[in-house]
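S.K.: Take a look at the following structure, please.
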Amino acid sequence: MKILVTGACGYKGTVLVPKLLAKGYDVLAIDTQWFGNFLSEHPKLQVLKQDVRETAKIDLTGIDAIIHLASIANDPCGDLNPKLTWEVSALATMQLADKAKREGVKHFIYASSGSVYGVKNEHQVTEDLSLEPISEYNKTKMVSERVLLSYSDEMTVQIVRPATVCGLSKRMRFDVSVNMLTMQALENKRITVFGGDQTRPNIHIDDITDLYLFLLDNPKLTGVFNAGFENISIMDIANRVIEKVAAELVVTPSNDPRSYRINSDKLLAAGFKPLKTVDDAIDEIIEAYNQGSLKNEPHFHNLKWMQARSLA
């Protein structure tokens, strides 16, 4: 079985691709490689430095399933260049879905975002609530979802709305809450929290990548699935970090009171079982840092890296 993974050299893709290879899949990995390529060579892996917007150049010959991760990731990066964000995160998705249908690809897994709900007062944010996205990033995800669901009669369509991902990857990100706060404590012995009462849903990177494998193995599970298992405040995350790393905690006012949470009971009922937690992610980052295998590299900060290299 041959799998196309877009955005394969990104934070999640760099963890996912080796898992696919370990299960015996052939993998075609495409990525612009703006942040580098951390994938190891493998006889069943072909890595192409390619822009997902160039849909006509994507060869779907022999592709059985697509895992579409490629997008301009997170709100600040999406706002840098709205036109680019819509081209990469929405238009390219539409074109890839259409091409997949025309060329007979039978399975399409899409990485959306739990942020498509916008700000909700409900404590149980389930898949049937209205979508009210508030950023370019969120809006492109919502539009792409709607387009993909229109192909449900043509192929298996599975849409994942992940929480904020945390944990180790060779293509690390230090612009997501758990990873960022842990690195601040390790590097600066000081954590700065803006506000702190804001709630964020979280999922370990091993669980989100295992979920894509689970969905590949279960094509009858179609539709939309939330994926996040710990709705905790930013302050709670910071306190968990300083329990493990001696660091000063500084709290400053914030003009961003938004809280996000999601309910993933639908996914749990389908048989998926998460195995890791926020605490596991913190522990793994601390261990890797102390062993010298993890450093705070500039290309692990999406927004700053894109701005410095005029990528948007």
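So you can find residues: chains in the structure tokens are A, B, ... in the order shown, residues in each start at 1, and ligands are numbered from 1 in order.
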Any idea what's packed within 9 Å of A:Ile242, counting only C-alpha atoms, ignoring anything in its chain fewer than 5 positions away? Could you give it as a list in words?
M.R.: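 The contact residues come out as Thr182, Ala185, Ile191, Ile237, Ala247, Glu248 and Leu249 of chain A.
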S.K.: A:Glu145: which residues within 12 Å, counting only C-alpha atoms, same-chain residues fewer than 2 positions away excluded, as number ranges by chain?
M.R.: A: 68, 89-91, 93-94, 97, 108-114, 116, 131, 138-143, 147-152, 157-161, 223-225
S.K.: For A:Val245, list every protein, DNA or RNA residue within 12 Å, evaluated using only C-alpha atoms, and leave out those in the same chain fewer than 5 positions away; present the list as a list in words.
M.R.: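 What passes the distance filter is Leu181, Thr182, Met183, Gln184, Ala185, Leu186, Glu187, Asn188, Lys189, Arg190, Ile191, Ala238, Asn239, Arg240, Ile282, Asp283, Ile285, Ile286, Glu287, Tyr289 and Asn290 of chain A.
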S.K.: Please save N, CA and C atoms of the selected residues as a PDB file, in the first residue's frame.
M.R.:
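Saved file out_36.pdb follows:
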ATOM      1  N   LEU A 181       6.848  26.506  26.804  1.00  0.00           N
ATOM      2  CA  LEU A 181       7.033  26.764  28.224  1.00  0.00           C
ATOM      3  C   LEU A 181       8.115  25.869  28.817  1.00  0.00           C
ATOM      4  N   THR A 182       8.196  24.641  28.332  1.00  0.00           N
ATOM      5  CA  THR A 182       9.236  23.735  28.828  1.00  0.00           C
ATOM      6  C   THR A 182      10.612  24.218  28.424  1.00  0.00           C
ATOM      7  N   MET A 183      10.756  24.674  27.189  1.00  0.00           N
ATOM      8  CA  MET A 183      12.058  25.166  26.747  1.00  0.00           C
ATOM      9  C   MET A 183      12.421  26.461  27.464  1.00  0.00           C
ATOM     10  N   GLN A 184      11.453  27.332  27.719  1.00  0.00           N
ATOM     11  CA  GLN A 184      11.744  28.554  28.493  1.00  0.00           C
ATOM     12  C   GLN A 184      12.328  28.206  29.853  1.00  0.00           C
ATOM     13  N   ALA A 185      11.740  27.228  30.523  1.00  0.00           N
ATOM     14  CA  ALA A 185      12.227  26.828  31.845  1.00  0.00           C
ATOM     15  C   ALA A 185      13.627  26.249  31.767  1.00  0.00           C
ATOM     16  N   LEU A 186      13.870  25.421  30.778  1.00  0.00           N
ATOM     17  CA  LEU A 186      15.173  24.777  30.644  1.00  0.00           C
ATOM     18  C   LEU A 186      16.267  25.772  30.278  1.00  0.00           C
ATOM     19  N   GLU A 187      15.948  26.664  29.361  1.00  0.00           N
ATOM     20  CA  GLU A 187      16.966  27.553  28.805  1.00  0.00           C
ATOM     21  C   GLU A 187      17.153  28.820  29.633  1.00  0.00           C
ATOM     22  N   ASN A 188      16.054  29.362  30.147  1.00  0.00           N
ATOM     23  CA  ASN A 188      16.105  30.664  30.825  1.00  0.00           C
ATOM     24  C   ASN A 188      15.887  30.590  32.326  1.00  0.00           C
ATOM     25  N   LYS A 189      15.466  29.411  32.809  1.00  0.00           N
ATOM     26  CA  LYS A 189      15.091  29.246  34.224  1.00  0.00           C
ATOM     27  C   LYS A 189      13.993  30.242  34.608  1.00  0.00           C
ATOM     28  N   ARG A 190      13.160  30.550  33.628  1.00  0.00           N
ATOM     29  CA  ARG A 190      12.107  31.543  33.826  1.00  0.00           C
ATOM     30  C   ARG A 190      11.002  31.283  32.803  1.00  0.00           C
ATOM     31  N   ILE A 191       9.771  31.262  33.263  1.00  0.00           N
ATOM     32  CA  ILE A 191       8.618  31.087  32.388  1.00  0.00           C
ATOM     33  C   ILE A 191       7.758  32.345  32.468  1.00  0.00           C
ATOM     34  N   ALA A 238       2.167  25.610  32.866  1.00  0.00           N
ATOM     35  CA  ALA A 238       3.370  26.220  33.451  1.00  0.00           C
ATOM     36  C   ALA A 238       3.700  25.603  34.801  1.00  0.00           C
ATOM     37  N   ASN A 239       2.693  25.372  35.613  1.00  0.00           N
ATOM     38  CA  ASN A 239       2.936  24.773  36.932  1.00  0.00           C
ATOM     39  C   ASN A 239       3.446  23.348  36.813  1.00  0.00           C
ATOM     40  N   ARG A 240       2.959  22.612  35.830  1.00  0.00           N
ATOM     41  CA  ARG A 240       3.462  21.254  35.619  1.00  0.00           C
ATOM     42  C   ARG A 240       4.942  21.281  35.226  1.00  0.00           C
ATOM     43  N   ILE A 282       6.386  16.839  28.470  1.00  0.00           N
ATOM     44  CA  ILE A 282       7.326  17.651  29.253  1.00  0.00           C
ATOM     45  C   ILE A 282       8.539  16.825  29.651  1.00  0.00           C
ATOM     46  N   ASP A 283       8.299  15.624  30.153  1.00  0.00           N
ATOM     47  CA  ASP A 283       9.401  14.744  30.577  1.00  0.00           C
ATOM     48  C   ASP A 283      10.340  14.429  29.422  1.00  0.00           C
ATOM     49  N   ILE A 285      10.868  16.131  26.619  1.00  0.00           N
ATOM     50  CA  ILE A 285      11.623  17.317  26.210  1.00  0.00           C
ATOM     51  C   ILE A 285      12.763  17.579  27.184  1.00  0.00           C
ATOM     52  N   ILE A 286      12.487  17.468  28.469  1.00  0.00           N
ATOM     53  CA  ILE A 286      13.522  17.672  29.487  1.00  0.00           C
ATOM     54  C   ILE A 286      14.656  16.668  29.298  1.00  0.00           C
ATOM     55  N   GLU A 287      14.303  15.416  29.101  1.00  0.00           N
ATOM     56  CA  GLU A 287      15.328  14.379  28.948  1.00  0.00           C
ATOM     57  C   GLU A 287      16.183  14.622  27.707  1.00  0.00           C
ATOM     58  N   TYR A 289      16.716  17.436  26.139  1.00  0.00           N
ATOM     59  CA  TYR A 289      17.533  18.640  26.346  1.00  0.00           C
ATOM     60  C   TYR A 289      18.740  18.325  27.232  1.00  0.00           C
ATOM     61  N   ASN A 290      18.514  17.618  28.309  1.00  0.00           N
ATOM     62  CA  ASN A 290      19.602  17.289  29.234  1.00  0.00           C
ATOM     63  C   ASN A 290      20.630  16.352  28.608  1.00  0.00           C
TER      64      ASN A 290
END
S.K.: Write out as a ChimeraX atom specification the set of residues from stretch 19-196 of chain A that DSSP, computed on the backbone, places in helix (DSSP H, G or I).
M.R.: /A:19-22,55-57,75-80,82-102,114-117,136-149,177-188
S.K.: Taking the DSSP secondary structure from the backbone, can you list the residues of stretch 220-312 of chain A that are strand (DSSP E), as an mmCIF file with N, CA and C atoms, in the first residue's frame?
M.R.:
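What ended up in out.cif:
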data_model
loop_
_atom_site.group_PDB
_atom_site.id
_atom_site.type_symbol
_atom_site.label_atom_id
_atom_site.label_comp_id
_atom_site.auth_asym_id
_atom_site.auth_seq_id
_atom_site.Cartn_x
_atom_site.Cartn_y
_atom_site.Cartn_z
ATOM 1 N N GLY A 223 -15.986 10.716 8.311
ATOM 2 C CA GLY A 223 -16.500 11.956 8.867
ATOM 3 C C GLY A 223 -15.473 12.715 9.674
ATOM 4 N N VAL A 224 -15.948 13.449 10.672
ATOM 5 C CA VAL A 224 -15.114 14.396 11.425
ATOM 6 C C VAL A 224 -14.884 13.881 12.839
ATOM 7 N N PHE A 225 -13.627 14.016 13.305
ATOM 8 C CA PHE A 225 -13.275 13.558 14.642
ATOM 9 C C PHE A 225 -12.417 14.598 15.362
ATOM 10 N N ASN A 226 -12.870 15.028 16.522
ATOM 11 C CA ASN A 226 -12.008 15.810 17.409
ATOM 12 C C ASN A 226 -10.904 14.907 17.941
ATOM 13 N N ALA A 227 -9.740 15.504 18.196
ATOM 14 C CA ALA A 227 -8.622 14.726 18.748
ATOM 15 C C ALA A 227 -7.863 15.578 19.751
ATOM 16 N N GLU A 230 -6.674 16.495 26.781
ATOM 17 C CA GLU A 230 -6.414 17.245 28.004
ATOM 18 C C GLU A 230 -6.709 18.716 27.775
ATOM 19 N N ASN A 231 -7.844 19.180 28.300
ATOM 20 C CA ASN A 231 -8.196 20.594 28.248
ATOM 21 C C ASN A 231 -7.708 21.233 29.539
ATOM 22 N N ILE A 232 -6.588 21.933 29.471
ATOM 23 C CA ILE A 232 -5.983 22.496 30.676
ATOM 24 C C ILE A 232 -5.546 23.937 30.427
ATOM 25 N N SER A 233 -5.449 24.695 31.494
ATOM 26 C CA SER A 233 -5.093 26.109 31.353
ATOM 27 C C SER A 233 -3.597 26.274 31.104
ATOM 28 N N GLU A 248 11.620 30.281 37.591
ATOM 29 C CA GLU A 248 10.757 31.339 38.089
ATOM 30 C C GLU A 248 9.533 31.455 37.191
ATOM 31 N N LEU A 249 8.381 31.670 37.783
ATOM 32 C CA LEU A 249 7.147 31.847 37.028
ATOM 33 C C LEU A 249 6.725 33.310 37.096
ATOM 34 N N VAL A 250 6.645 33.972 35.961
ATOM 35 C CA VAL A 250 6.254 35.378 35.867
ATOM 36 C C VAL A 250 4.923 35.458 35.131
ATOM 37 N N VAL A 251 3.947 36.084 35.737
ATOM 38 C CA VAL A 251 2.627 36.226 35.136
ATOM 39 C C VAL A 251 2.395 37.690 34.776
ATOM 40 N N THR A 252 2.041 37.939 33.540
ATOM 41 C CA THR A 252 1.768 39.299 33.074
ATOM 42 C C THR A 252 0.355 39.362 32.494
#
S.K.: In terms of the shortest atom-to-atom distance over only C-alpha atoms, which of A:Ala65, A:Ile58, A:Leu16, A:Val278 is closest to A:Thr209?
M.R.: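 Of all the options, A:Leu16 lies closest to A:Thr209.
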S.K.: Using only C-alpha atoms for the distances, tell me which of A:Asn263, A:Asn296, A:Ser169, A:Thr85 is nearest to A:Glu122.
M.R.: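 Among A:Asn263, A:Asn296, A:Ser169, A:Thr85, it is A:Asn263 that comes nearest to A:Glu122.
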